[in-house]
Amino acid sequence: MTTDQRWGAAGHAERYRERVLAERERLTRALGDPHGQQRRVLADLLDFNAGTEFGKRHDFARVRDIDDFRRAVPVQDYAAHAPLIERTAQGEPNLLSADRPVVYFTSSGSTGAHKKIPVTPRFMRTTFFPFYYAAWAPLIENFPDVTHRPDAVLNLKHDPLAAPPTTADGHPHVGASQVDFGAKFGEPLSAELGTAAPWATLPVDVAPDDHLEKMYLRLRLAVQSDVRCLIGINPAMIAAVPYQLNLWWDRIVKEVRDGTLGGVPHGSPDPRRAAELERLADYFGTVSPAHVWPRMRALFGWTTGVASLYLPALREHFGPGVAALPAPVAASEGPVGVPLDRHGSAGSLVVTASVYEFADADADLGPDTATLLPHELEAGREYHVIFSHVGGLYRYAVGDVVRVVDLVGGVPRVAYAGRAGRCDAAGERLRESQVVRALRSALTATGLELGNVACRVEPAPDTASPRYVFAVAPHSRWQNAETARFAVLLDAALERESAGYRRARADDRLAAPEVRLLDPDAFHRDWHLAVGSGIRPTQVKDRLFRQDDALWRRLTGAASH
């Protein structure tokens, strides 16, 4: 590893800061000419990939502008790209991109199968790295102390693998957080904050798929450091930390006292820190990250969707005034928006990364769906995201919906609103974002707080109509009368959000919703069960719609109807 790659080496933090702020400045300047930037991105991907099988099939050489491009290439999802991706992963060149992939990012598809997202050097240079660096600017600019020590940041998503799985062409097929960008792409400053902490590469043997034990070991080491920031990206990982500290507390304290890690001698016994931790737990009657790390400054992860409902209460566990900074609006396939300031949810469209198109969120996407360009979007509206980039994805419907928060200089700032799927039992066609807004409205009106929530459709008793059942883990105890009022207000809010839901209720095709209160740790236990089954923690995300009977029983302990 070169000097530049080592957090804690002389001058590294300043070089990293310079690179991050420079990339943000370049992107900010690019936002002054969004139309020109989008034309250049299109021209570059067409020119670079005209000779590929896909480029020849769709006559890239004759495409001159976005209208030509839309006529030449249909809107398509991963399944449409998959045949060429699979051939690429077998080692066949020049199919989607003129550049050979160096790695394949993994991402969970709607069926649960793992996608293979080909990642090429050209994609990383022109699409990925500029937004990747710029995304850290609000954190390091406003909380510079997080860069001062390697152990100032607990990066929950960092999980390097000594022997990663590979595709048939011999390239790693892993999560983005498992890739050494310095080694793979020659980016000496690309190592994230927290990736040189004592727990980043675990010093004891642990099975690669024993994710819970790895999380325990990192927490065990981190309680002996002055952690100032948690990076989770997936907010469910951040939400799990208070639960995990309590779950593993006795084991953590014993190992700190004994100087062991996973039962193996490690470092020196630290009875003084162990006693301090015990005193804190005894005094407060519980274990909180704010007690363990009293100088915590910031949490970095997605702040929208279901997480927006529980983040206000969750932040209290980490201390007064702790900031929740939003991670980029992005998928494994590519970026969409990157926060350039401390706005709580919105990121500016990354106009230098991809060619962006959008479709109304209520539309059913198909090959011929009419699309809008960035300058045609309206603040307050929600849209499907479709992008094309030089890495070999073309008019790609990523499966996410974004909300346009505002437009700055004609460029939309977007926030993740939810997955593109709907729940549609009786013609209501409810989207995640509509349900989240309805839940927020009912929470605000009642003054209640929750730790997490999920819902599904079940048959209602004494009627032939189904109903929505909401499983809620309350942040503090809800009284029966409060719960009943919350259910009534939620029903009314859903009617305001969705004309389809309103009609279904008026026609008695849907019965009134039911709210079932779970115990406060129900979602944490469920998350642990999923991670314990071998799924990487980054992939176990909040899921609002949970229609699967077995998974609903696992969460609620209730028999399915």
# chains A, B, ... in the order shown; residues from 1 in each chain; ligands from 1
>>> closest_atom_pairs(of="segment 45-122 of chain A", to="segment 160-177 of chain A", cutoff="6 Å", atoms="only C-alpha atoms", output="CSV")
residue,atom,partner,partner_atom,distance
A:Ala89,CA,A:Asp169,CA,5.5
A:Gln90,CA,A:Ala168,CA,4.9
A:Gly91,CA,A:Asp169,CA,4.7
A:Val103,CA,A:Pro172,CA,5.1
A:Tyr104,CA,A:His173,CA,4.7
A:Phe105,CA,A:Gly175,CA,5.2
A:Thr106,CA,A:Gly175,CA,5.1
>>> residues_around(residues="Glu53 of chain A", least_positions_apart="3", cutoff="8 Å", atoms="only C-alpha atoms", output="VMD selection string")
chain A and resid 56 to 57 94 to 96
>>> write_last_selection(atoms="C-alpha atoms", output="PDB file, in the first residue's frame")
ATOM      1  CA  LYS A  56     -24.057  -2.057 -33.603  1.00  0.00           C
ATOM      2  CA  ARG A  57     -27.431  -3.610 -32.827  1.00  0.00           C
ATOM      3  CA  ASN A  94     -16.990  -5.913 -26.632  1.00  0.00           C
ATOM      4  CA  LEU A  95     -20.635  -6.678 -25.937  1.00  0.00           C
ATOM      5  CA  LEU A  96     -21.971  -3.761 -23.879  1.00  0.00           C
TER       6      LEU A  96
END
>>> closest_residue(among="A:Arg485, A:Arg70, A:Arg218, A:Arg228", to="Ile140 of chain A", atoms="only C-alpha atoms")
A:Arg228
>>> atom_distance(atom1="atom CA of Leu189 of chain A", atom2="atom CA of Arg29 of chain A")
22.3 Å
>>> select_by_dssp(residues="segment 138-221 of chain A", states="alpha helix (DSSP H)", output="MDAnalysis selection string")
chainID A and resid 138:142 181:185 211:221
>>> closest_residue(among="A:Phe545, A:Phe123, A:Phe523, A:Trp293", to="Gly557 of chain A", atoms="only C-alpha atoms")
A:Phe523
>>> residues_around(residues="Ala313 of chain A", least_positions_apart="6", cutoff="10 Å", atoms="only C-alpha atoms", output="mmCIF file with N, CA and C atoms, in the first residue's frame")
data_model
loop_
_atom_site.group_PDB
_atom_site.id
_atom_site.type_symbol
_atom_site.label_atom_id
_atom_site.label_comp_id
_atom_site.auth_asym_id
_atom_site.auth_seq_id
_atom_site.Cartn_x
_atom_site.Cartn_y
_atom_site.Cartn_z
ATOM 1 N N GLU A 449 -43.854 8.142 18.073
ATOM 2 C CA GLU A 449 -42.614 7.822 17.388
ATOM 3 C C GLU A 449 -42.511 6.310 17.241
ATOM 4 N N LEU A 450 -41.848 5.886 16.173
ATOM 5 C CA LEU A 450 -41.693 4.450 15.957
ATOM 6 C C LEU A 450 -40.243 4.101 15.697
ATOM 7 N N GLY A 451 -39.952 2.808 15.896
ATOM 8 C CA GLY A 451 -38.618 2.295 15.633
ATOM 9 C C GLY A 451 -38.489 1.688 14.255
ATOM 10 N N HIS A 475 -41.372 3.388 19.426
ATOM 11 C CA HIS A 475 -40.155 3.859 20.092
ATOM 12 C C HIS A 475 -40.342 3.872 21.606
ATOM 13 N N SER A 476 -41.516 4.273 22.037
ATOM 14 C CA SER A 476 -41.916 4.170 23.442
ATOM 15 C C SER A 476 -43.350 3.646 23.450
#
>>> select_by_dssp(residues="segment 388-479 of chain A", states="strand (DSSP E or B)", output="PyMOL selection string")
chain A and resi 388-389+393-408+411-419+422-423+430-431+450-459+466-474
>>> residues_around(residues="segment 322-330 of chain A", least_positions_apart="3", cutoff="9 Å", atoms="only C-alpha atoms", output="JSON, numbers by chain")
{"A": [131, 132, 135, 136, 138, 139, 232, 233, 234, 296, 297, 298, 299, 300, 301, 302, 303, 304, 311, 315, 316, 318, 319, 333, 334, 335, 336, 337, 338, 339, 342, 343, 344, 345, 346, 347, 349, 402, 414, 415, 416]}
>>> residues_around(residues="Leu42 of chain A", least_positions_apart="5", cutoff="9 Å", atoms="only C-alpha atoms", output="short mmCIF file (atom, residue, chain, number, x, y, z; two decimals) with C-alpha atoms, in the first residue's frame")
data_model
loop_
_atom_site.label_atom_id
_atom_site.label_comp_id
_atom_site.auth_asym_id
_atom_site.auth_seq_id
_atom_site.Cartn_x
_atom_site.Cartn_y
_atom_site.Cartn_z
CA GLN A 37 -22.93 18.15 -19.83
CA ASP A 47 -18.51 7.12 -29.51
CA ASP A 65 -28.88 13.43 -30.06
CA ILE A 66 -31.11 12.30 -27.24
CA PHE A 69 -31.09 7.71 -28.82
CA SER A 354 -24.96 9.46 -16.94
CA VAL A 355 -27.63 10.50 -19.38
CA SER A 388 -27.40 5.41 -19.56
CA HIS A 389 -23.65 5.47 -19.05
CA VAL A 390 -20.37 4.51 -20.68
#
>>> residues_around(residues="segment 268-284 of chain A", least_positions_apart="6", cutoff="9 Å", atoms="only C-alpha atoms", output="number ranges by chain")
A: 223-224, 252-260, 291-292
>>> write_last_selection(atoms="N, CA, C and O atoms", output="PDB file, in the first residue's frame")
ATOM      1  N   VAL A 223     -15.315  -0.002  20.957  1.00  0.00           N
ATOM      2  CA  VAL A 223     -15.662   0.596  22.249  1.00  0.00           C
ATOM      3  C   VAL A 223     -14.427   1.119  22.980  1.00  0.00           C
ATOM      4  O   VAL A 223     -14.551   1.870  23.953  1.00  0.00           O
ATOM      5  N   GLN A 224     -13.249   0.779  22.495  1.00  0.00           N
ATOM      6  CA  GLN A 224     -12.025   1.283  23.101  1.00  0.00           C
ATOM      7  C   GLN A 224     -11.460   2.480  22.344  1.00  0.00           C
ATOM      8  O   GLN A 224     -10.354   2.931  22.646  1.00  0.00           O
ATOM      9  N   ILE A 252     -18.798  -8.071  25.447  1.00  0.00           N
ATOM     10  CA  ILE A 252     -17.875  -6.986  25.101  1.00  0.00           C
ATOM     11  C   ILE A 252     -17.056  -6.559  26.308  1.00  0.00           C
ATOM     12  O   ILE A 252     -15.822  -6.466  26.257  1.00  0.00           O
ATOM     13  N   VAL A 253     -17.729  -6.296  27.416  1.00  0.00           N
ATOM     14  CA  VAL A 253     -17.039  -5.805  28.613  1.00  0.00           C
ATOM     15  C   VAL A 253     -16.034  -6.841  29.122  1.00  0.00           C
ATOM     16  O   VAL A 253     -14.899  -6.502  29.503  1.00  0.00           O
ATOM     17  N   LYS A 254     -16.430  -8.104  29.110  1.00  0.00           N
ATOM     18  CA  LYS A 254     -15.521  -9.158  29.580  1.00  0.00           C
ATOM     19  C   LYS A 254     -14.263  -9.211  28.702  1.00  0.00           C
ATOM     20  O   LYS A 254     -13.133  -9.343  29.225  1.00  0.00           O
ATOM     21  N   GLU A 255     -14.452  -9.113  27.388  1.00  0.00           N
ATOM     22  CA  GLU A 255     -13.295  -9.205  26.507  1.00  0.00           C
ATOM     23  C   GLU A 255     -12.395  -7.974  26.617  1.00  0.00           C
ATOM     24  O   GLU A 255     -11.166  -8.085  26.485  1.00  0.00           O
ATOM     25  N   VAL A 256     -12.985  -6.818  26.849  1.00  0.00           N
ATOM     26  CA  VAL A 256     -12.167  -5.625  27.082  1.00  0.00           C
ATOM     27  C   VAL A 256     -11.331  -5.815  28.350  1.00  0.00           C
ATOM     28  O   VAL A 256     -10.129  -5.531  28.379  1.00  0.00           O
ATOM     29  N   ARG A 257     -11.983  -6.314  29.390  1.00  0.00           N
ATOM     30  CA  ARG A 257     -11.281  -6.520  30.662  1.00  0.00           C
ATOM     31  C   ARG A 257     -10.161  -7.551  30.514  1.00  0.00           C
ATOM     32  O   ARG A 257      -9.053  -7.373  31.032  1.00  0.00           O
ATOM     33  N   ASP A 258     -10.455  -8.631  29.771  1.00  0.00           N
ATOM     34  CA  ASP A 258      -9.498  -9.732  29.681  1.00  0.00           C
ATOM     35  C   ASP A 258      -8.441  -9.537  28.600  1.00  0.00           C
ATOM     36  O   ASP A 258      -7.448 -10.289  28.569  1.00  0.00           O
ATOM     37  N   GLY A 259      -8.670  -8.576  27.696  1.00  0.00           N
ATOM     38  CA  GLY A 259      -7.731  -8.413  26.594  1.00  0.00           C
ATOM     39  C   GLY A 259      -7.849  -9.517  25.574  1.00  0.00           C
ATOM     40  O   GLY A 259      -6.844 -10.043  25.067  1.00  0.00           O
ATOM     41  N   THR A 260      -9.099  -9.883  25.236  1.00  0.00           N
ATOM     42  CA  THR A 260      -9.338 -10.916  24.227  1.00  0.00           C
ATOM     43  C   THR A 260     -10.249 -10.363  23.130  1.00  0.00           C
ATOM     44  O   THR A 260     -10.927  -9.363  23.305  1.00  0.00           O
ATOM     45  N   HIS A 291     -23.265   7.023  25.261  1.00  0.00           N
ATOM     46  CA  HIS A 291     -22.462   6.826  26.464  1.00  0.00           C
ATOM     47  C   HIS A 291     -21.094   6.240  26.115  1.00  0.00           C
ATOM     48  O   HIS A 291     -20.086   6.613  26.711  1.00  0.00           O
ATOM     49  N   VAL A 292     -21.084   5.344  25.162  1.00  0.00           N
ATOM     50  CA  VAL A 292     -19.836   4.689  24.771  1.00  0.00           C
ATOM     51  C   VAL A 292     -18.928   5.652  24.012  1.00  0.00           C
ATOM     52  O   VAL A 292     -17.705   5.674  24.195  1.00  0.00           O
TER      53      VAL A 292
END
>>> residues_around(residues="Gln38 of chain A", least_positions_apart="3", cutoff="10 Å", atoms="only C-alpha atoms", output="ChimeraX atom specification")
/A:30,33-35,41-44,66,350-356,373-374
>>> closest_residue(among="A:Asp77, A:Asp250, A:Glu495, A:Glu432", to="Ala361 of chain A", atoms="only C-alpha atoms")
A:Glu432
>>> closest_residue(among="A:Arg437, A:Arg149, A:Arg477, A:Arg71", to="Ala492 of chain A", atoms="only C-alpha atoms")
A:Arg437
>>> closest_residue(among="A:Val411, A:Ala426, A:Met124, A:Ile85", to="Thr28 of chain A", atoms="only C-alpha atoms")
A:Val411
>>> atom_distance(atom1="atom CA of Gln539 of chain A", atom2="atom CA of Glu23 of chain A")
28.1 Å
>>> atom_distance(atom1="atom CA of Leu393 of chain A", atom2="atom CA of Phe128 of chain A")
13.5 Å
>>> closest_residue(among="A:Asp368, A:Asp145, A:Asp99, A:Asp360", to="Val73 of chain A", atoms="only C-alpha atoms")
A:Asp368
>>> decode(residues="segment 71-87 of chain A", atoms="all heavy atoms", output="mmCIF file, in the first residue's frame")
data_model
loop_
_atom_site.group_PDB
_atom_site.id
_atom_site.type_symbol
_atom_site.label_atom_id
_atom_site.label_comp_id
_atom_site.auth_asym_id
_atom_site.auth_seq_id
_atom_site.Cartn_x
_atom_site.Cartn_y
_atom_site.Cartn_z
ATOM 1 N N ARG A 71 -35.198 6.863 -29.749
ATOM 2 C CA ARG A 71 -35.820 6.059 -30.811
ATOM 3 C C ARG A 71 -35.054 4.764 -31.050
ATOM 4 O O ARG A 71 -35.648 3.732 -31.403
ATOM 5 C CB ARG A 71 -35.888 6.878 -32.108
ATOM 6 C CG ARG A 71 -36.980 7.931 -32.130
ATOM 7 C CD ARG A 71 -37.134 8.538 -33.515
ATOM 8 N NE ARG A 71 -36.001 9.390 -33.866
ATOM 9 C CZ ARG A 71 -35.943 10.692 -33.649
ATOM 10 N NH1 ARG A 71 -36.966 11.311 -33.060
ATOM 11 N NH2 ARG A 71 -34.885 11.394 -34.010
ATOM 12 N N ALA A 72 -33.739 4.798 -30.838
ATOM 13 C CA ALA A 72 -32.905 3.645 -31.171
ATOM 14 C C ALA A 72 -32.902 2.576 -30.080
ATOM 15 O O ALA A 72 -32.743 1.383 -30.378
ATOM 16 C CB ALA A 72 -31.473 4.102 -31.435
ATOM 17 N N VAL A 73 -33.066 2.985 -28.830
ATOM 18 C CA VAL A 73 -32.906 2.064 -27.703
ATOM 19 C C VAL A 73 -34.180 2.084 -26.862
ATOM 20 O O VAL A 73 -34.631 3.151 -26.451
ATOM 21 C CB VAL A 73 -31.695 2.466 -26.830
ATOM 22 C CG1 VAL A 73 -31.539 1.495 -25.654
ATOM 23 C CG2 VAL A 73 -30.420 2.504 -27.664
ATOM 24 N N PRO A 74 -34.759 0.929 -26.570
ATOM 25 C CA PRO A 74 -35.946 0.902 -25.704
ATOM 26 C C PRO A 74 -35.564 1.073 -24.237
ATOM 27 O O PRO A 74 -34.423 0.829 -23.842
ATOM 28 C CB PRO A 74 -36.524 -0.491 -25.944
ATOM 29 C CG PRO A 74 -35.334 -1.331 -26.296
ATOM 30 C CD PRO A 74 -34.404 -0.424 -27.059
ATOM 31 N N VAL A 75 -36.518 1.486 -23.435
ATOM 32 C CA VAL A 75 -36.345 1.454 -21.984
ATOM 33 C C VAL A 75 -36.248 -0.012 -21.568
ATOM 34 O O VAL A 75 -37.052 -0.843 -22.000
ATOM 35 C CB VAL A 75 -37.526 2.144 -21.277
ATOM 36 C CG1 VAL A 75 -37.419 1.981 -19.760
ATOM 37 C CG2 VAL A 75 -37.584 3.623 -21.657
ATOM 38 N N GLN A 76 -35.268 -0.340 -20.740
ATOM 39 C CA GLN A 76 -35.065 -1.746 -20.398
ATOM 40 C C GLN A 76 -34.521 -1.872 -18.987
ATOM 41 O O GLN A 76 -33.875 -0.967 -18.457
ATOM 42 C CB GLN A 76 -34.126 -2.435 -21.389
ATOM 43 C CG GLN A 76 -32.999 -1.579 -21.888
ATOM 44 C CD GLN A 76 -32.268 -2.180 -23.076
ATOM 45 O OE1 GLN A 76 -32.625 -3.228 -23.617
ATOM 46 N NE2 GLN A 76 -31.209 -1.535 -23.469
ATOM 47 N N ASP A 77 -34.795 -3.011 -18.387
ATOM 48 C CA ASP A 77 -34.352 -3.260 -17.017
ATOM 49 C C ASP A 77 -33.156 -4.213 -17.027
ATOM 50 O O ASP A 77 -32.564 -4.491 -18.080
ATOM 51 C CB ASP A 77 -35.496 -3.809 -16.176
ATOM 52 C CG ASP A 77 -36.083 -5.095 -16.752
ATOM 53 O OD1 ASP A 77 -35.488 -5.679 -17.692
ATOM 54 O OD2 ASP A 77 -37.145 -5.537 -16.265
ATOM 55 N N TYR A 78 -32.822 -4.729 -15.836
ATOM 56 C CA TYR A 78 -31.672 -5.630 -15.757
ATOM 57 C C TYR A 78 -31.894 -6.892 -16.582
ATOM 58 O O TYR A 78 -30.968 -7.379 -17.243
ATOM 59 C CB TYR A 78 -31.385 -5.999 -14.300
ATOM 60 C CG TYR A 78 -30.198 -6.923 -14.163
ATOM 61 C CD1 TYR A 78 -28.903 -6.414 -14.174
ATOM 62 C CD2 TYR A 78 -30.365 -8.301 -14.057
ATOM 63 C CE1 TYR A 78 -27.803 -7.252 -14.073
ATOM 64 C CE2 TYR A 78 -29.261 -9.151 -13.965
ATOM 65 C CZ TYR A 78 -27.985 -8.607 -13.975
ATOM 66 O OH TYR A 78 -26.898 -9.445 -13.896
ATOM 67 N N ALA A 79 -33.106 -7.405 -16.556
ATOM 68 C CA ALA A 79 -33.371 -8.653 -17.282
ATOM 69 C C ALA A 79 -33.059 -8.508 -18.768
ATOM 70 O O ALA A 79 -32.571 -9.451 -19.401
ATOM 71 C CB ALA A 79 -34.820 -9.077 -17.075
ATOM 72 N N ALA A 80 -33.342 -7.340 -19.331
ATOM 73 C CA ALA A 80 -33.055 -7.124 -20.747
ATOM 74 C C ALA A 80 -31.556 -7.035 -21.011
ATOM 75 O O ALA A 80 -31.079 -7.421 -22.080
ATOM 76 C CB ALA A 80 -33.752 -5.851 -21.228
ATOM 77 N N HIS A 81 -30.797 -6.503 -20.045
ATOM 78 C CA HIS A 81 -29.346 -6.429 -20.190
ATOM 79 C C HIS A 81 -28.658 -7.756 -19.868
ATOM 80 O O HIS A 81 -27.516 -7.988 -20.283
ATOM 81 C CB HIS A 81 -28.771 -5.362 -19.247
ATOM 82 C CG HIS A 81 -28.970 -3.950 -19.696
ATOM 83 N ND1 HIS A 81 -30.177 -3.295 -19.588
ATOM 84 C CD2 HIS A 81 -28.109 -3.057 -20.250
ATOM 85 C CE1 HIS A 81 -30.039 -2.053 -20.044
ATOM 86 N NE2 HIS A 81 -28.799 -1.883 -20.455
ATOM 87 N N ALA A 82 -29.342 -8.619 -19.118
ATOM 88 C CA ALA A 82 -28.702 -9.789 -18.526
ATOM 89 C C ALA A 82 -28.034 -10.733 -19.528
ATOM 90 O O ALA A 82 -26.931 -11.229 -19.254
ATOM 91 C CB ALA A 82 -29.702 -10.553 -17.666
ATOM 92 N N PRO A 83 -28.644 -11.017 -20.686
ATOM 93 C CA PRO A 83 -27.961 -11.948 -21.598
ATOM 94 C C PRO A 83 -26.560 -11.480 -21.998
ATOM 95 O O PRO A 83 -25.611 -12.275 -22.012
ATOM 96 C CB PRO A 83 -28.907 -12.015 -22.804
ATOM 97 C CG PRO A 83 -30.257 -11.723 -22.230
ATOM 98 C CD PRO A 83 -30.011 -10.699 -21.172
ATOM 99 N N LEU A 84 -26.417 -10.207 -22.317
ATOM 100 C CA LEU A 84 -25.097 -9.701 -22.683
ATOM 101 C C LEU A 84 -24.176 -9.612 -21.465
ATOM 102 O O LEU A 84 -22.964 -9.825 -21.576
ATOM 103 C CB LEU A 84 -25.218 -8.336 -23.355
ATOM 104 C CG LEU A 84 -25.851 -8.327 -24.757
ATOM 105 C CD1 LEU A 84 -25.896 -6.922 -25.327
ATOM 106 C CD2 LEU A 84 -25.091 -9.257 -25.708
ATOM 107 N N ILE A 85 -24.743 -9.309 -20.302
ATOM 108 C CA ILE A 85 -23.923 -9.289 -19.086
ATOM 109 C C ILE A 85 -23.383 -10.683 -18.783
ATOM 110 O O ILE A 85 -22.210 -10.852 -18.436
ATOM 111 C CB ILE A 85 -24.739 -8.739 -17.894
ATOM 112 C CG1 ILE A 85 -25.003 -7.241 -18.074
ATOM 113 C CG2 ILE A 85 -24.012 -8.997 -16.578
ATOM 114 C CD1 ILE A 85 -25.894 -6.641 -17.002
ATOM 115 N N GLU A 86 -24.239 -11.696 -18.912
ATOM 116 C CA GLU A 86 -23.789 -13.060 -18.630
ATOM 117 C C GLU A 86 -22.705 -13.501 -19.605
ATOM 118 O O GLU A 86 -21.736 -14.169 -19.212
ATOM 119 C CB GLU A 86 -24.980 -14.026 -18.675
ATOM 120 C CG GLU A 86 -25.966 -13.849 -17.524
ATOM 121 C CD GLU A 86 -25.326 -14.107 -16.163
ATOM 122 O OE1 GLU A 86 -24.390 -14.931 -16.090
ATOM 123 O OE2 GLU A 86 -25.744 -13.479 -15.178
ATOM 124 N N ARG A 87 -22.838 -13.135 -20.858
ATOM 125 C CA ARG A 87 -21.786 -13.466 -21.834
ATOM 126 C C ARG A 87 -20.492 -12.727 -21.503
ATOM 127 O O ARG A 87 -19.394 -13.271 -21.626
ATOM 128 C CB ARG A 87 -22.259 -13.135 -23.244
ATOM 129 C CG ARG A 87 -23.294 -14.118 -23.791
ATOM 130 C CD ARG A 87 -23.933 -13.598 -25.073
ATOM 131 N NE ARG A 87 -22.937 -13.308 -26.108
ATOM 132 C CZ ARG A 87 -23.214 -12.631 -27.228
ATOM 133 N NH1 ARG A 87 -24.446 -12.170 -27.434
ATOM 134 N NH2 ARG A 87 -22.272 -12.413 -28.124
#
